[in-house]
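Down below is the structure, laid out as structure tokens.
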Amino acid sequence: MDGGAVFAEIGLPAPNARSPAINRQRAASNCQDSGTLFFSRLLVELAEPLFPGCAAIPREFIADGVTRLYFCFRLTGDQVAAAEVMGLAHRDVSVREDDSLARKRAEWARATGVNPWTRLRWAGEDVPPNPGGREAGGATDFLIARSVDSPGLRFDPVTFNGVSATVVEVGGHASKAAGPDSGSLYANYRQVWRRTAGNEWRVTEWSVEPFTPDL
């Protein structure tokens with residue numbers, strides 16, 4: 001199921017030993033006002049309280065109940081912590097080429113959770129951390145530079161494992177354009193998010209594997 005279409009299946013027991021079991025299937029979309037859609041939403045209302053992580057997924061991130069339940073199954077471990085990070089790790093970076101460096105730094109920090117002191121390993125190479133506690137350089141500036149020389153660079157988180165209430169591991173896929181007419185390159189990545197003393201989630205470790213034509 002997804003936000004646009006719902007597939008419902010109900011299995012009923014055989015009425016007697018000589019008859020087969022009954023399997024009913026129905027499909028509907030959000031463009032329809034049907035009993036199948038009503039049935040799916042009712043099931044979501046009944047099921048959601050059984051999954052603590054569902055309630056922790058920000059409604060502004062996923063408003064549709066069916067889609068929110070679908071994303072719940074990506075959460076493992078401490079589901080509440082994992083759900084909080086899920087709402088942060090899916091944000092897109094929104095910058096323009098003529099934006100100031102300060103604006104780009106702030107946007108990358110907001111959208112990705114990195115800061116100049118994030119321990120970043122990129123395609124097998126460690127990125128030097130920011131020296132001297134300055135608010136420049138390190139992982140943030142490295143990613144800004146990669147977004148310039150790697151057109152179409154994006155990060156798509158897939159799995160969220162709450163190691164504890166303060167640590168969440170995220171697994172995902174990175175992609176970028178291979179060239180003007182060469183398709184795309186892909187890489188798996190792993191992040192470690194930690195809750196700070198100020199109750200904010202930040203990426204403390206991020207490892208991106210080498211990019212290849214296929215995952």
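Each chain in the structure tokens gets a letter, A, B, ..., in the order shown, and its residues are numbered from 1; ligands are numbered from 1 in order too.
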* Spatial neighbours of Arg110 (chain A), max dist 10 Å, only C-alpha atoms, sep filter under 5 positions, as a ChimeraX atom specification -> /A:88-89,91-94,104-105,115,202
* **Residues near Arg41 (chain A), cut-off 12 Å, only C-alpha atoms, skip fewer than 6 positions along chain, as a list in words** =>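 Here the qualifying residues turn out to be Met1, Gly3, Ala5, Val6, Phe7, Ala8, Ala28, Ser29, Asn30, Asp33, Ser34, Gly35, Ala47, Glu48, Asp64, Gly65, Val66, Thr67, Arg68 and Leu69 of chain A.
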Per DSSP on the backbone, filter region 46-152 of chain A down to the residues in strand (DSSP E) and report them as a PDB file with N, CA and C atoms, in the first residue's frame.
```pdb
ATOM      1  N   LEU A  75      10.996   1.026  10.990  1.00  0.00           N
ATOM      2  CA  LEU A  75      11.550   1.366  12.292  1.00  0.00           C
ATOM      3  C   LEU A  75      11.865   0.103  13.081  1.00  0.00           C
ATOM      4  N   THR A  76      13.062   0.037  13.668  1.00  0.00           N
ATOM      5  CA  THR A  76      13.431  -1.083  14.526  1.00  0.00           C
ATOM      6  C   THR A  76      14.065  -0.551  15.800  1.00  0.00           C
ATOM      7  N   GLY A  77      14.216  -1.426  16.784  1.00  0.00           N
ATOM      8  CA  GLY A  77      14.819  -1.016  18.051  1.00  0.00           C
ATOM      9  C   GLY A  77      13.911  -0.065  18.806  1.00  0.00           C
ATOM     10  N   ARG A 119      31.948  13.284  11.881  1.00  0.00           N
ATOM     11  CA  ARG A 119      33.000  12.399  11.359  1.00  0.00           C
ATOM     12  C   ARG A 119      32.501  11.791  10.050  1.00  0.00           C
ATOM     13  N   LEU A 120      32.975  12.334   8.945  1.00  0.00           N
ATOM     14  CA  LEU A 120      32.509  11.936   7.619  1.00  0.00           C
ATOM     15  C   LEU A 120      33.584  11.123   6.898  1.00  0.00           C
ATOM     16  N   ARG A 121      33.175   9.957   6.394  1.00  0.00           N
ATOM     17  CA  ARG A 121      34.058   9.121   5.567  1.00  0.00           C
ATOM     18  C   ARG A 121      33.397   8.995   4.203  1.00  0.00           C
ATOM     19  N   TRP A 122      34.085   9.458   3.160  1.00  0.00           N
ATOM     20  CA  TRP A 122      33.510   9.555   1.821  1.00  0.00           C
ATOM     21  C   TRP A 122      34.310   8.690   0.856  1.00  0.00           C
ATOM     22  N   GLU A 125      37.649   7.548   2.130  1.00  0.00           N
ATOM     23  CA  GLU A 125      38.575   8.565   2.622  1.00  0.00           C
ATOM     24  C   GLU A 125      37.920   9.348   3.762  1.00  0.00           C
ATOM     25  N   ASP A 126      38.703   9.567   4.837  1.00  0.00           N
ATOM     26  CA  ASP A 126      38.200  10.354   5.958  1.00  0.00           C
ATOM     27  C   ASP A 126      38.313  11.845   5.643  1.00  0.00           C
TER      28      ASP A 126
END
```
* **Long-range neighbours of Thr166 (chain A) as a ChimeraX atom specification, 9 Å cut-off, only C-alpha atoms, 5 positions minimum in chain** => /A:81,193-196,201
Writer output for current selection, N, CA and C atoms, as a tab-separated table (two decimals), in the first residue's frame:
```tsv
chain	number	residue	atom	x	y	z
A	81	ALA	N	12.51	6.81	19.12
A	81	ALA	CA	13.71	7.56	18.72
A	81	ALA	C	13.92	7.46	17.22
A	193	TRP	N	23.05	9.02	14.29
A	193	TRP	CA	22.46	10.25	14.83
A	193	TRP	C	22.47	10.15	16.36
A	194	ARG	N	22.80	11.26	17.03
A	194	ARG	CA	22.79	11.30	18.49
A	194	ARG	C	21.98	12.51	18.98
A	195	ARG	N	21.26	12.28	20.07
A	195	ARG	CA	20.50	13.38	20.67
A	195	ARG	C	21.45	14.21	21.53
A	196	THR	N	21.49	15.50	21.30
A	196	THR	CA	22.40	16.38	22.04
A	196	THR	C	21.81	16.74	23.40
A	201	TRP	N	18.68	16.38	17.49
A	201	TRP	CA	19.33	15.25	16.85
A	201	TRP	C	20.35	15.77	15.84
```
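Closest approach to Arg24 (chain A) among A:Ala83, A:Leu101, A:Ala187, A:Ile10: A:Ile10, based on only C-alpha atoms.
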* Between A:Gly137, A:Gly152, A:Gly113, A:Gly4, which one has atoms that come closest to Trp206 (chain A), using only C-alpha atoms? ->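 Ranked by minimum distance to Trp206 (chain A), first place goes to A:Gly113.
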* **Shell of 6 Å around Val168 (chain A), only C-alpha atoms, local chain residues under 6 positions omitted, as a PyMOL selection string** => chain A and resi 82+161-162+192-193
Skipping near chain neighbours, those fewer than 6 positions away, what residues fall within 6 Å of region 175-181 of chain A using only C-alpha atoms, listed as a PDB file with C-alpha atoms, in the first residue's frame?
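Final output, saved to part_16.pdb:
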```
ATOM      1  CA  PRO A 151      25.170  17.203 -10.099  1.00  0.00           C
ATOM      2  CA  GLY A 152      21.986  15.617  -8.814  1.00  0.00           C
ATOM      3  CA  LEU A 153      23.556  14.556  -5.501  1.00  0.00           C
ATOM      4  CA  ARG A 154      20.845  13.323  -3.131  1.00  0.00           C
TER       5      ARG A 154
END
```
* Please identify all polymer residues within 12 Å of Val127 (chain A), counting only C-alpha atoms, omitting same-chain residues fewer than 4 positions from it, and present them as a ChimeraX atom specification. => /A:116-123,131,137-143,205-208
* Nearest residue to Pro52 (chain A) from the set A:Ser182, A:Ser40, A:Thr159, A:Gln79 (distances using only C-alpha atoms) ->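 Smallest separation from Pro52 (chain A) among the options: A:Gln79.
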* Sel. of alpha helix (DSSP H) residues, region 25-142 of chain A, as an MDAnalysis selection string -> chainID A and resid 35:47 52:56 65:72 79:89 101:112 138:142
Residues of region 138-187 of chain A within 12 Å of region 70-74 of chain A: nearest atom pair and distance (Å, one decimal) for each, counting only C-alpha atoms, sorted by chain and number, as a Markdown table?
```
| residue | atom | partner | partner_atom | distance |
| --- | --- | --- | --- | --- |
| A:Pro157 | CA | A:Arg74 | CA | 10.1 |
| A:Val158 | CA | A:Arg74 | CA | 7.2 |
| A:Thr159 | CA | A:Arg74 | CA | 5.4 |
| A:Phe160 | CA | A:Arg74 | CA | 6.2 |
| A:Asn161 | CA | A:Arg74 | CA | 8.3 |
| A:Gly162 | CA | A:Arg74 | CA | 10.9 |
| A:Glu169 | CA | A:Arg74 | CA | 12.0 |
| A:Val170 | CA | A:Arg74 | CA | 10.3 |
| A:Gly171 | CA | A:Arg74 | CA | 10.5 |
| A:Gly172 | CA | A:Arg74 | CA | 11.5 |
```
